[in-house]
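File shown: data_20.cif (mmCIF, C-alpha atoms and all ligand atoms).
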```cif
data_run
#
loop_
_atom_site.label_atom_id
_atom_site.label_comp_id
_atom_site.auth_asym_id
_atom_site.auth_seq_id
_atom_site.Cartn_x
_atom_site.Cartn_y
_atom_site.Cartn_z
CA MET A 1 28.39 10.33 -123.06
CA THR A 2 27.27 7.14 -121.42
CA ALA A 3 30.06 5.96 -119.07
CA PHE A 4 27.62 4.76 -116.44
CA LEU A 5 30.00 1.96 -115.51
CA LYS A 6 33.59 2.22 -114.36
CA ASP A 7 36.14 0.26 -116.38
CA ILE A 8 36.62 -2.19 -113.52
CA GLU A 9 32.88 -2.85 -113.42
CA ILE A 10 32.83 -3.43 -117.19
CA GLN A 11 35.62 -5.95 -116.80
CA GLN A 12 33.84 -7.71 -113.97
CA LEU A 13 30.55 -7.92 -115.85
CA ALA A 14 32.37 -9.42 -118.84
CA GLU A 15 34.14 -11.97 -116.60
CA GLN A 16 30.90 -12.89 -114.89
CA HIS A 17 28.58 -13.05 -117.89
CA GLY A 18 30.88 -13.40 -120.90
CA ALA A 19 30.85 -11.21 -123.99
CA PRO A 20 29.04 -9.95 -125.99
CA LEU A 21 26.85 -7.95 -123.62
CA LEU A 22 24.52 -4.99 -123.80
CA VAL A 23 24.20 -3.22 -120.45
CA LEU A 24 21.07 -1.12 -119.93
CA ASP A 25 21.08 1.51 -117.20
CA CYS A 26 17.49 2.43 -116.28
CA ALA A 27 18.75 5.36 -114.18
CA ARG A 28 20.24 6.86 -117.32
CA LEU A 29 16.97 6.23 -119.15
CA GLN A 30 15.12 8.07 -116.41
CA GLN A 31 17.56 10.98 -116.71
CA GLN A 32 16.89 11.21 -120.45
CA TYR A 33 13.14 11.17 -119.84
CA ASP A 34 13.43 13.92 -117.24
CA ASP A 35 15.61 16.03 -119.55
CA LEU A 36 13.18 15.72 -122.46
CA GLN A 37 10.25 16.55 -120.20
CA ALA A 38 12.04 19.65 -118.95
CA ALA A 39 12.84 20.64 -122.55
CA LEU A 40 9.24 20.17 -123.72
CA PRO A 41 6.98 21.06 -120.79
CA GLY A 42 3.32 20.23 -121.35
CA VAL A 43 4.07 17.63 -124.03
CA GLU A 44 2.87 14.11 -123.28
CA PHE A 45 5.33 11.38 -124.28
CA PHE A 46 4.53 8.04 -125.89
CA TYR A 47 7.77 6.05 -126.02
CA ALA A 48 8.37 4.54 -129.47
CA VAL A 49 8.79 0.91 -128.41
CA LYS A 50 10.50 -0.01 -131.69
CA ALA A 51 13.66 1.85 -130.66
CA LEU A 52 14.43 -0.70 -127.92
CA PRO A 53 11.62 -3.16 -127.21
CA ASN A 54 12.92 -4.16 -123.79
CA ASP A 55 10.70 -5.01 -120.78
CA ALA A 56 12.84 -3.05 -118.30
CA VAL A 57 12.69 0.03 -120.53
CA ILE A 58 8.91 -0.25 -120.73
CA ASN A 59 8.62 -0.83 -116.99
CA THR A 60 10.86 2.13 -116.15
CA LEU A 61 8.99 4.49 -118.47
CA LYS A 62 5.65 3.23 -117.17
CA GLN A 63 6.73 4.21 -113.64
CA LEU A 64 7.61 7.65 -114.96
CA GLY A 65 4.12 8.09 -116.39
CA ALA A 66 4.97 7.69 -120.08
CA GLY A 67 2.58 6.34 -122.67
CA PHE A 68 3.66 3.99 -125.46
CA ASP A 69 3.79 4.26 -129.25
CA ILE A 70 3.18 0.79 -130.65
CA ALA A 71 3.31 -0.18 -134.29
CA SER A 72 2.78 -3.94 -134.51
CA SER A 73 0.92 -6.78 -132.83
CA GLY A 74 4.23 -7.98 -131.34
CA GLU A 75 4.73 -4.61 -129.66
CA ILE A 76 1.13 -4.79 -128.40
CA ASP A 77 1.85 -8.21 -126.87
CA GLN A 78 4.90 -6.79 -125.13
CA VAL A 79 3.18 -3.75 -123.58
CA HIS A 80 0.26 -6.01 -122.65
CA ARG A 81 2.66 -8.33 -120.79
CA GLN A 82 4.04 -5.29 -118.99
CA GLN A 83 0.48 -4.40 -117.94
CA ILE A 84 0.44 -1.08 -119.73
CA ASN A 85 -2.93 0.61 -119.68
CA PRO A 86 -4.19 0.47 -123.30
CA ARG A 87 -5.50 4.01 -122.87
CA ARG A 88 -1.85 5.02 -122.57
CA THR A 89 -0.98 3.63 -126.00
CA ILE A 90 -1.28 4.89 -129.56
CA HIS A 91 -0.89 2.75 -132.68
CA THR A 92 1.27 4.78 -135.03
CA HIS A 93 1.85 2.58 -138.07
CA PRO A 94 0.22 4.36 -141.01
CA ILE A 95 -0.22 1.10 -142.98
CA LYS A 96 -1.92 -1.84 -141.27
CA LYS A 97 -3.62 -5.13 -141.98
CA ASP A 98 -7.15 -5.53 -140.69
CA ARG A 99 -5.68 -8.11 -138.30
CA ASP A 100 -3.34 -5.47 -136.82
CA ILE A 101 -6.29 -3.16 -136.18
CA ARG A 102 -8.29 -5.95 -134.56
CA ASP A 103 -5.35 -6.96 -132.34
CA ALA A 104 -4.94 -3.36 -131.18
CA LEU A 105 -8.67 -2.93 -130.54
CA ARG A 106 -8.82 -6.22 -128.63
CA PHE A 107 -5.99 -4.92 -126.44
CA GLY A 108 -7.90 -1.66 -125.92
CA CYS A 109 -5.86 0.78 -127.99
CA THR A 110 -8.26 3.11 -129.81
CA THR A 111 -5.97 5.77 -131.31
CA PHE A 112 -4.60 4.95 -134.77
CA VAL A 113 -2.66 6.78 -137.47
CA VAL A 114 -3.66 6.91 -141.15
CA ASP A 115 -2.23 8.80 -144.09
CA ASN A 116 -4.33 7.88 -147.14
CA ILE A 117 -7.82 7.05 -148.30
CA ASP A 118 -7.34 3.27 -148.50
CA GLU A 119 -6.18 3.19 -144.89
CA LEU A 120 -9.11 5.36 -143.87
CA LYS A 121 -11.55 2.91 -145.46
CA LYS A 122 -10.19 0.11 -143.25
CA PHE A 123 -11.64 1.96 -140.25
CA ARG A 124 -15.21 2.25 -141.60
CA LYS A 125 -16.31 -0.86 -139.72
CA TYR A 126 -14.57 0.25 -136.51
CA ARG A 127 -15.71 3.87 -136.71
CA HIS A 128 -17.58 3.83 -133.40
CA ARG A 129 -14.50 2.62 -131.54
CA VAL A 130 -11.59 4.70 -132.83
CA GLY A 131 -10.12 8.21 -133.00
CA LEU A 132 -7.60 8.77 -135.78
CA LEU A 133 -4.55 10.94 -136.24
CA LEU A 134 -3.83 11.94 -139.82
CA ARG A 135 -0.10 11.76 -140.52
CA VAL A 136 1.21 14.58 -142.65
CA SER A 137 4.52 14.36 -144.52
CA PHE A 138 7.23 16.97 -144.07
CA ARG A 139 10.52 16.04 -145.72
CA SER A 140 13.63 16.87 -143.72
CA GLU A 141 17.12 17.32 -145.06
CA THR A 142 18.64 17.49 -141.61
CA ALA A 143 17.45 14.11 -140.34
CA VAL A 144 19.72 11.08 -140.65
CA VAL A 145 16.68 8.89 -141.29
CA ASP A 146 14.00 10.62 -143.39
CA LEU A 147 10.66 9.02 -142.51
CA SER A 148 8.44 11.35 -144.52
CA ARG A 149 9.33 9.80 -147.86
CA LYS A 150 7.64 6.56 -146.93
CA PHE A 151 4.76 7.89 -144.81
CA GLY A 152 2.42 10.86 -144.53
CA CYS A 153 0.00 12.63 -146.85
CA ASN A 154 0.90 15.88 -148.56
CA PRO A 155 -0.11 18.85 -146.42
CA ASP A 156 -2.46 20.03 -149.17
CA GLU A 157 -4.33 16.69 -149.15
CA ALA A 158 -5.00 16.81 -145.41
CA LEU A 159 -8.25 18.79 -145.36
CA GLN A 160 -9.77 16.62 -148.06
CA LEU A 161 -8.88 13.42 -146.19
CA ILE A 162 -10.36 14.81 -142.98
CA GLN A 163 -13.54 15.61 -144.88
CA ARG A 164 -13.68 12.13 -146.43
CA ALA A 165 -13.32 10.63 -142.96
CA GLN A 166 -16.19 12.77 -141.73
CA GLN A 167 -18.37 11.57 -144.62
CA MET A 168 -17.58 7.98 -143.58
CA GLY A 169 -18.50 8.77 -139.98
CA ILE A 170 -14.89 8.27 -138.80
CA HIS A 171 -13.52 10.54 -136.09
CA VAL A 172 -10.23 12.23 -136.97
CA LYS A 173 -9.10 13.80 -133.74
CA GLY A 174 -5.81 15.32 -134.80
CA LEU A 175 -2.67 15.42 -136.91
CA SER A 176 0.70 13.76 -136.56
CA PHE A 177 4.07 13.98 -138.24
CA HIS A 178 7.57 12.58 -137.91
CA VAL A 179 10.24 14.80 -139.40
CA GLY A 180 12.79 11.97 -139.40
CA SER A 181 15.06 10.40 -136.85
CA GLN A 182 18.23 12.02 -135.45
CA SER A 183 17.43 15.55 -136.62
CA SER A 184 20.35 17.93 -136.45
CA SER A 185 18.15 21.01 -136.24
CA ALA A 186 14.65 21.75 -134.99
CA ASP A 187 13.76 23.66 -138.18
CA ALA A 188 11.77 20.75 -139.61
CA HIS A 189 9.80 20.36 -136.35
CA VAL A 190 9.00 24.06 -136.30
CA HIS A 191 7.93 24.10 -139.95
CA ALA A 192 5.74 21.02 -139.43
CA ILE A 193 4.13 22.48 -136.30
CA GLU A 194 3.31 25.71 -138.12
CA GLN A 195 1.88 23.91 -141.14
CA CYS A 196 -0.17 21.55 -138.99
CA MET A 197 -1.54 24.49 -137.04
CA ARG A 198 -2.59 26.10 -140.32
CA ILE A 199 -4.41 22.90 -141.33
CA MET A 200 -6.04 22.61 -137.90
CA LEU A 201 -7.33 26.18 -138.07
CA GLN A 202 -8.74 25.62 -141.56
CA SER A 203 -10.38 22.30 -140.72
CA GLU A 204 -14.15 22.35 -140.32
CA VAL A 205 -13.80 19.24 -138.17
CA PRO A 206 -12.47 20.28 -134.76
CA LEU A 207 -9.03 18.71 -134.17
CA SER A 208 -7.87 18.38 -130.59
CA THR A 209 -4.48 16.61 -130.82
CA LEU A 210 -1.14 17.40 -132.42
CA ASP A 211 1.45 14.61 -132.37
CA ILE A 212 4.93 16.00 -133.06
CA GLY A 213 6.54 12.55 -133.48
CA GLY A 214 10.15 11.76 -132.61
CA GLY A 215 13.45 12.81 -134.12
CA PHE A 216 15.05 14.26 -130.97
CA PRO A 217 18.79 13.69 -131.44
CA ALA A 218 21.13 11.55 -129.36
CA ASN A 219 24.63 12.89 -128.77
CA TYR A 220 26.67 10.28 -130.65
CA ASP A 221 29.51 12.60 -131.62
CA GLY A 222 29.80 14.63 -128.42
CA LYS A 223 28.93 17.74 -130.43
CA THR A 224 25.16 17.43 -130.68
CA GLN A 225 23.15 20.31 -129.29
CA ASP A 226 21.95 19.93 -125.72
CA ILE A 227 18.30 18.80 -125.76
CA ASN A 228 17.08 21.92 -124.00
CA ASP A 229 18.71 24.13 -126.65
CA PHE A 230 17.56 21.86 -129.47
CA CYS A 231 13.96 22.10 -128.27
CA ALA A 232 13.95 25.89 -127.70
CA PRO A 233 12.50 26.69 -131.17
CA ILE A 234 9.98 23.85 -130.76
CA ARG A 235 8.85 25.29 -127.41
CA GLU A 236 8.47 28.67 -129.09
CA ALA A 237 6.37 27.20 -131.95
CA LEU A 238 4.21 25.21 -129.53
CA SER A 239 3.59 28.30 -127.38
CA LYS A 240 1.51 29.72 -130.25
CA ILE A 241 -0.85 26.75 -130.26
CA PRO A 242 -4.20 27.18 -128.47
CA ALA A 243 -4.05 25.76 -124.95
CA ASP A 244 -6.93 23.34 -125.52
CA ILE A 245 -4.90 21.38 -128.11
CA ASN A 246 -3.33 18.28 -126.66
CA ILE A 247 0.35 18.04 -127.69
CA ILE A 248 1.95 14.61 -127.71
CA ALA A 249 5.28 13.21 -128.97
CA GLU A 250 6.73 9.78 -129.80
CA PRO A 251 10.39 9.88 -128.73
CA GLY A 252 12.48 6.74 -129.15
CA ARG A 253 16.14 7.32 -129.82
CA PHE A 254 16.74 10.22 -127.43
CA LEU A 255 15.42 8.23 -124.46
CA VAL A 256 17.26 4.96 -124.94
CA ALA A 257 20.44 5.63 -126.95
CA PRO A 258 22.69 6.76 -124.05
CA ALA A 259 21.22 4.20 -121.65
CA VAL A 260 22.96 1.19 -123.24
CA MET A 261 26.61 0.19 -123.52
CA SER A 262 27.92 -2.67 -125.65
CA ILE A 263 30.73 -4.86 -124.34
CA SER A 264 32.32 -7.15 -126.89
CA SER A 265 35.65 -8.93 -126.95
CA VAL A 266 38.39 -9.50 -129.49
CA MET A 267 38.16 -13.11 -130.74
CA GLY A 268 40.82 -12.91 -133.42
CA LYS A 269 43.26 -10.58 -135.17
CA ALA A 270 45.09 -10.48 -138.46
CA VAL A 271 47.23 -8.04 -140.41
CA ARG A 272 45.79 -7.43 -143.88
CA ALA A 273 47.46 -5.07 -146.36
CA GLY A 274 49.46 -3.59 -143.52
CA THR A 275 46.43 -2.84 -141.29
CA THR A 276 45.44 -4.79 -138.20
CA TRP A 277 41.96 -6.25 -138.29
CA TYR A 278 40.35 -7.13 -134.94
CA TYR A 279 37.47 -9.60 -135.09
CA LEU A 280 34.92 -9.02 -132.33
CA ASP A 281 32.22 -11.34 -131.01
CA ASP A 282 29.54 -8.76 -131.93
CA GLY A 283 29.04 -6.98 -135.24
CA VAL A 284 26.67 -5.42 -137.74
CA TYR A 285 24.47 -8.52 -137.82
CA GLY A 286 24.20 -8.17 -134.03
CA SER A 287 24.24 -5.17 -131.68
CA TYR A 288 25.98 -3.00 -134.27
CA SER A 289 23.13 -3.50 -136.77
CA GLY A 290 22.42 0.23 -136.52
CA ARG A 291 25.64 0.81 -138.49
CA ILE A 292 23.66 -0.49 -141.48
CA PHE A 293 19.96 0.12 -140.81
CA ASP A 294 20.21 3.30 -138.75
CA HIS A 295 23.28 4.89 -140.41
CA ALA A 296 24.68 5.37 -136.90
CA THR A 297 28.30 5.77 -135.84
CA TYR A 298 28.85 4.91 -132.18
CA PRO A 299 31.67 6.10 -129.93
CA ILE A 300 33.94 3.08 -129.57
CA ARG A 301 36.78 2.67 -127.10
CA THR A 302 38.79 0.01 -125.33
CA LEU A 303 39.89 -0.34 -121.74
CA LYS A 304 43.52 -0.09 -122.81
CA THR A 305 45.59 3.04 -122.94
CA GLY A 306 48.73 3.82 -124.88
CA GLU A 307 49.76 4.71 -128.37
CA THR A 308 46.98 4.30 -130.91
CA ARG A 309 47.06 3.07 -134.50
CA SER A 310 44.56 2.95 -137.32
CA CYS A 311 42.84 -0.44 -137.41
CA VAL A 312 39.67 -2.20 -138.54
CA LEU A 313 36.99 -3.60 -136.22
CA ALA A 314 35.08 -6.45 -137.83
CA GLY A 315 32.17 -8.56 -136.59
CA PRO A 316 32.07 -12.33 -136.10
CA THR A 317 30.05 -13.44 -139.15
CA CYS A 318 31.46 -14.75 -142.42
CA ASP A 319 30.10 -11.80 -144.39
CA SER A 320 32.46 -9.09 -145.63
CA ILE A 321 29.90 -6.35 -144.93
CA ASP A 322 30.27 -7.18 -141.24
CA VAL A 323 32.71 -4.37 -140.46
CA ILE A 324 31.94 -2.06 -137.55
CA ALA A 325 34.62 0.55 -138.09
CA GLU A 326 37.46 1.17 -140.52
CA ASP A 327 40.37 3.48 -139.90
CA ILE A 328 39.58 3.70 -136.18
CA GLN A 329 42.39 4.73 -133.84
CA LEU A 330 42.90 2.18 -131.04
CA PRO A 331 45.79 0.88 -128.93
CA GLU A 332 47.21 -2.53 -129.83
CA LEU A 333 44.67 -5.15 -128.70
CA GLU A 334 45.09 -8.79 -127.77
CA ILE A 335 42.64 -11.64 -128.04
CA GLY A 336 40.19 -11.38 -125.15
CA ASP A 337 40.48 -7.61 -124.79
CA LEU A 338 37.18 -5.76 -124.42
CA VAL A 339 35.79 -3.21 -126.86
CA ILE A 340 33.14 -0.79 -125.59
CA GLY A 341 30.44 0.76 -127.73
CA GLU A 342 28.67 3.73 -126.11
CA MET A 343 25.26 5.22 -126.96
CA MET A 344 24.02 1.84 -128.15
CA GLY A 345 20.40 1.74 -126.97
CA ALA A 346 18.45 2.87 -130.03
CA TYR A 347 17.88 0.67 -133.07
CA THR A 348 20.69 -1.73 -132.05
CA ALA A 349 19.37 -4.79 -130.20
CA ALA A 350 16.05 -3.96 -131.89
CA THR A 351 17.42 -4.77 -135.33
CA ALA A 352 19.99 -7.43 -134.41
CA THR A 353 19.76 -10.74 -136.29
CA ASP A 354 20.77 -14.35 -135.68
CA PHE A 355 22.79 -14.61 -138.91
CA ASN A 356 25.34 -17.45 -138.89
CA SER A 357 23.29 -18.79 -135.94
CA LEU A 358 25.34 -16.56 -133.69
CA ALA A 359 23.70 -15.76 -130.37
CA ARG A 360 22.73 -12.14 -129.83
CA ALA A 361 24.35 -10.16 -127.03
CA LYS A 362 22.97 -10.90 -123.59
CA VAL A 363 21.19 -7.86 -122.09
CA LEU A 364 21.99 -6.93 -118.48
CA VAL A 365 19.74 -4.45 -116.71
CA LEU A 366 20.87 -2.04 -114.01
CA ASN A 367 18.78 0.19 -111.73
CA GLU A 368 15.34 -0.98 -112.82
CA PRO A 369 12.77 0.68 -110.54
CA GLY A 370 11.16 -1.67 -108.06
CA GLN A 371 13.96 -4.24 -108.52
CA ASP A 372 16.17 -3.08 -105.71
CA THR A 373 17.59 -6.37 -104.55
CA LEU A 374 21.18 -7.04 -105.37
CA THR A 375 22.40 -10.60 -105.21
CA PRO A 376 25.37 -10.85 -102.81
CA ALA A 377 27.55 -12.38 -105.52
CA LEU A 378 26.86 -9.55 -107.85
CA GLN A 379 27.28 -6.96 -105.17
CA GLU A 380 30.70 -8.38 -104.46
CA SER A 381 31.57 -8.44 -108.10
CA LEU A 382 30.33 -4.94 -108.82
CA PHE A 383 31.57 -3.38 -105.61
CA PRO A 384 34.76 -5.11 -104.47
CA GLN A 385 35.21 -2.32 -101.96
CA PRO A 386 32.32 -1.02 -99.82
CA PRO A 387 29.65 0.20 -102.26
CA GLU A 388 30.17 3.74 -103.42
CA LEU A 389 27.80 3.82 -106.39
CA VAL A 390 24.04 3.88 -106.38
CA PRO A 391 22.64 0.39 -105.83
CA ALA A 392 22.10 -1.45 -109.08
CA THR A 393 19.82 -4.29 -109.99
CA LEU A 394 21.14 -6.76 -112.47
CA ASN A 395 18.76 -9.06 -114.29
CA THR A 396 19.66 -11.20 -117.21
CA HIS A 397 17.14 -11.17 -120.04
C1 LIG B 401 6.02 6.47 -136.15
C2 LIG B 401 7.28 6.68 -135.40
N1 LIG B 401 7.24 7.31 -134.22
C3 LIG B 401 8.35 7.50 -133.47
C4 LIG B 401 9.57 7.04 -133.89
C5 LIG B 401 10.76 7.27 -133.02
O1 LIG B 401 11.57 8.22 -133.57
P1 LIG B 401 12.96 8.65 -132.87
O2 LIG B 401 13.64 7.42 -132.51
O3 LIG B 401 13.62 9.47 -133.90
O4 LIG B 401 12.58 9.48 -131.68
C6 LIG B 401 9.68 6.40 -135.14
C7 LIG B 401 10.97 5.93 -135.63
O5 LIG B 401 11.10 5.25 -136.60
C8 LIG B 401 8.50 6.20 -135.92
O6 LIG B 401 8.53 5.58 -137.10
#
```

Would it be possible to restate this file's structure as structure tokens?
Amino acid sequence: MTAFLKDIEIQQLAEQHGAPLLVLDCARLQQQYDDLQAALPGVEFFYAVKALPNDAVINTLKQLGAGFDIASSGEIDQVHRQQINPRRTIHTHPIKKDRDIRDALRFGCTTFVVDNIDELKKFRKYRHRVGLLLRVSFRSETAVVDLSRKFGCNPDEALQLIQRAQQMGIHVKGLSFHVGSQSSSADAHVHAIEQCMRIMLQSEVPLSTLDIGGGFPANYDGKTQDINDFCAPIREALSKIPADINIIAEPGRFLVAPAVMSISSVMGKAVRAGTTWYYLDDGVYGSYSGRIFDHATYPIRTLKTGETRSCVLAGPTCDSIDVIAEDIQLPELEIGDLVIGEMMGAYTAATATDFNSLARAKVLVLNEPGQDTLTPALQESLFPQPPELVPATLNTH
């Protein structure tokens, strides 16, 4: 689990910056990237920017040699600002406006994803400038978020679509899939890899790239398989693929989820029907938006110890849906006490809103590569005693 800050440091950050906060640890992000690379050797990663579109995340992953999966003109603007080489980007949204395609081409991104004939036709006029990946749908029962219902052609339509593209003079260079986010088993990946390989072998058009998407699970519950074990069947399936095929992936969640911690504070409390409700200054319209959109349950704790009781944690808006956790066991809290959400990097800040005109959580960044100066005030605050942790950089965004 995350715990990249000691409780005293959490307290000090909250005192210094106020709550709510999201604290991003780029060292933890780097660790996740290294672990995934070790689990999938030979696979080239394109970080799915949508998971956490944060400049420090992009900068850290750029330094590590990652490419970027972008899916909108806003994401293009962001990677452009971070001086990402367009050749290291792929545009993965299967459904685009002509404007989206033009924005990506103007930036210099030339790899796009399609999954149907109407989308293919949009590329006729750009055919000399692009290479396409055909996204194939593989439904997954073990993913928390099934992405193959909304996107991807049926496997048995793939060859025909590749042929139609060839007739239009459009270069399809490979296949892609996304078996769904937060997969609990690699079975769907393995099945999709095998089926894609079958299509690639049958295709008269030579296909040189296989994009195995995302879906690599974050350990929210402390029981999720270690990434190396999770990927073992995927490694095995990929080992059967001819060496000249370029294997790429689009991980989002696995890289960023454990790298962010939420710090919120209790702003009010009330006893309702015999249960204590704590009202926090962050909720499902803010950093905890993944409770709704991402179906995620985050490990939540406080800095207090002692006897615990079942209570409700609610967010700060006026809406009754704004409840983070019901029947959660916590010690008695007082107004001002801090509540910590772990594993809160993926699809959290990314989907937060401004509902009720409430400000979103401030993001603090630690250990960003190349940003190794620590302000004396912060150093004092983070390290009251002589520093014993790795130096951290703290930028407010
Ligand atoms: C096209 C595409 N690629 C990659 C991802 C990232 O997936 P994950 O966060 O499960 O790794 C997503 C998530 O929605 C996606 O839609």

Selection within 7 Å of ligand LIG 401 (chain B) by only C-alpha atoms and all ligand atoms, output as a short mmCIF file (atom, residue, chain, number, x, y, z; two decimals) with C-alpha atoms, in the frame of the given file:
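For reference, selection-v2.cif as written:
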```cif
data_model
loop_
_atom_site.label_atom_id
_atom_site.label_comp_id
_atom_site.auth_asym_id
_atom_site.auth_seq_id
_atom_site.Cartn_x
_atom_site.Cartn_y
_atom_site.Cartn_z
CA ALA A 48 8.37 4.54 -129.47
CA ALA A 51 13.66 1.85 -130.66
CA ASP A 69 3.79 4.26 -129.25
CA THR A 92 1.27 4.78 -135.03
CA HIS A 93 1.85 2.58 -138.07
CA LEU A 147 10.66 9.02 -142.51
CA HIS A 178 7.57 12.58 -137.91
CA GLY A 180 12.79 11.97 -139.40
CA SER A 181 15.06 10.40 -136.85
CA GLN A 182 18.23 12.02 -135.45
CA GLY A 213 6.54 12.55 -133.48
CA GLY A 214 10.15 11.76 -132.61
CA GLY A 215 13.45 12.81 -134.12
CA PHE A 216 15.05 14.26 -130.97
CA GLU A 250 6.73 9.78 -129.80
CA PRO A 251 10.39 9.88 -128.73
CA GLY A 252 12.48 6.74 -129.15
CA ARG A 253 16.14 7.32 -129.82
CA PHE A 254 16.74 10.22 -127.43
#
```

Residues at most 10 Å from Arg235 in chain A, counting only C-alpha atoms, excluding those fewer than 5 positions away in the same chain, as number ranges by chain?
A: 39-43, 190, 228-230, 240

Counting only C-alpha atoms, which residues in range 45-128 of chain A sit no more than 8 Å from range 135-146 of chain A? For each one, give the nearest pair of atoms and the distance in Å, sorted by chain then residue number, as a tab-separated table.
```
residue	atom	partner	partner_atom	distance
A:Pro94	CA	A:Arg135	CA	7.4
A:Val113	CA	A:Arg135	CA	6.4
A:Val114	CA	A:Arg135	CA	6.0
A:Asp115	CA	A:Arg135	CA	5.1
```

When you count all atoms listed in the file, which of these residues is closest to Glu368 in chain A: A:Ala188, A:Ile101, A:Ala314, A:Leu24?
A:Leu24

How many Å separate CA of His91 in chain A from CA of Phe46 in chain A?
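Going from CA of His91 in chain A over to CA of Phe46 in chain A covers 10.2 Å.
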
What is the CA of Leu21 in chain A to CA of Ile263 in chain A distance in Å?
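We find that CA of Leu21 in chain A and CA of Ile263 in chain A lie 5.0 Å from each other.
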
Which residues, written as a PyMOL selection string, have at least one atom at most 10 Å from Arg291 in chain A, with all atoms listed in the file counted and residues fewer than 5 positions away on the same chain left out?
chain A and resi 283-285+296-298+322-325+347-348

Can you sort out range 306-323 of chain A so it carries N, CA and C atoms, written as an mmCIF file, in the frame of the given file?
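Now in selection.cif:
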```cif
data_model
loop_
_atom_site.group_PDB
_atom_site.id
_atom_site.type_symbol
_atom_site.label_atom_id
_atom_site.label_comp_id
_atom_site.auth_asym_id
_atom_site.auth_seq_id
_atom_site.Cartn_x
_atom_site.Cartn_y
_atom_site.Cartn_z
ATOM 1 N N GLY A 306 47.457 3.937 -124.162
ATOM 2 C CA GLY A 306 48.730 3.820 -124.880
ATOM 3 C C GLY A 306 48.597 4.341 -126.296
ATOM 4 N N GLU A 307 49.696 4.179 -127.011
ATOM 5 C CA GLU A 307 49.760 4.710 -128.370
ATOM 6 C C GLU A 307 48.682 4.056 -129.252
ATOM 7 N N THR A 308 48.037 4.858 -130.066
ATOM 8 C CA THR A 308 46.980 4.300 -130.910
ATOM 9 C C THR A 308 47.448 4.175 -132.350
ATOM 10 N N ARG A 309 46.760 3.283 -133.080
ATOM 11 C CA ARG A 309 47.060 3.070 -134.500
ATOM 12 C C ARG A 309 45.746 2.853 -135.243
ATOM 13 N N SER A 310 45.755 3.183 -136.510
ATOM 14 C CA SER A 310 44.560 2.950 -137.320
ATOM 15 C C SER A 310 44.353 1.445 -137.489
ATOM 16 N N CYS A 311 43.120 0.986 -137.254
ATOM 17 C CA CYS A 311 42.840 -0.440 -137.410
ATOM 18 C C CYS A 311 41.404 -0.618 -137.899
ATOM 19 N N VAL A 312 41.031 -1.870 -138.104
ATOM 20 C CA VAL A 312 39.670 -2.200 -138.540
ATOM 21 C C VAL A 312 39.029 -3.060 -137.456
ATOM 22 N N LEU A 313 37.754 -2.743 -137.141
ATOM 23 C CA LEU A 313 36.990 -3.600 -136.220
ATOM 24 C C LEU A 313 35.947 -4.337 -137.028
ATOM 25 N N ALA A 314 36.028 -5.654 -137.044
ATOM 26 C CA ALA A 314 35.080 -6.450 -137.830
ATOM 27 C C ALA A 314 34.240 -7.311 -136.895
ATOM 28 N N GLY A 315 33.054 -7.705 -137.376
ATOM 29 C CA GLY A 315 32.170 -8.560 -136.590
ATOM 30 C C GLY A 315 32.467 -10.025 -136.808
ATOM 31 N N PRO A 316 31.724 -10.906 -136.136
ATOM 32 C CA PRO A 316 32.070 -12.330 -136.100
ATOM 33 C C PRO A 316 31.520 -13.166 -137.250
ATOM 34 N N THR A 317 30.656 -12.603 -138.106
ATOM 35 C CA THR A 317 30.050 -13.440 -139.150
ATOM 36 C C THR A 317 31.007 -13.623 -140.324
ATOM 37 N N CYS A 318 30.607 -14.470 -141.253
ATOM 38 C CA CYS A 318 31.460 -14.750 -142.420
ATOM 39 C C CYS A 318 31.284 -13.704 -143.520
ATOM 40 N N ASP A 319 30.378 -12.757 -143.327
ATOM 41 C CA ASP A 319 30.100 -11.800 -144.390
ATOM 42 C C ASP A 319 31.077 -10.631 -144.371
ATOM 43 N N SER A 320 31.473 -10.187 -145.568
ATOM 44 C CA SER A 320 32.460 -9.090 -145.630
ATOM 45 C C SER A 320 31.848 -7.734 -145.299
ATOM 46 N N ILE A 321 30.523 -7.634 -145.317
ATOM 47 C CA ILE A 321 29.900 -6.350 -144.930
ATOM 48 C C ILE A 321 29.981 -6.145 -143.411
ATOM 49 N N ASP A 322 30.294 -7.216 -142.709
ATOM 50 C CA ASP A 322 30.270 -7.180 -141.240
ATOM 51 C C ASP A 322 31.516 -6.489 -140.684
ATOM 52 N N VAL A 323 31.601 -5.201 -140.952
ATOM 53 C CA VAL A 323 32.710 -4.370 -140.460
ATOM 54 C C VAL A 323 32.113 -3.210 -139.677
#
```
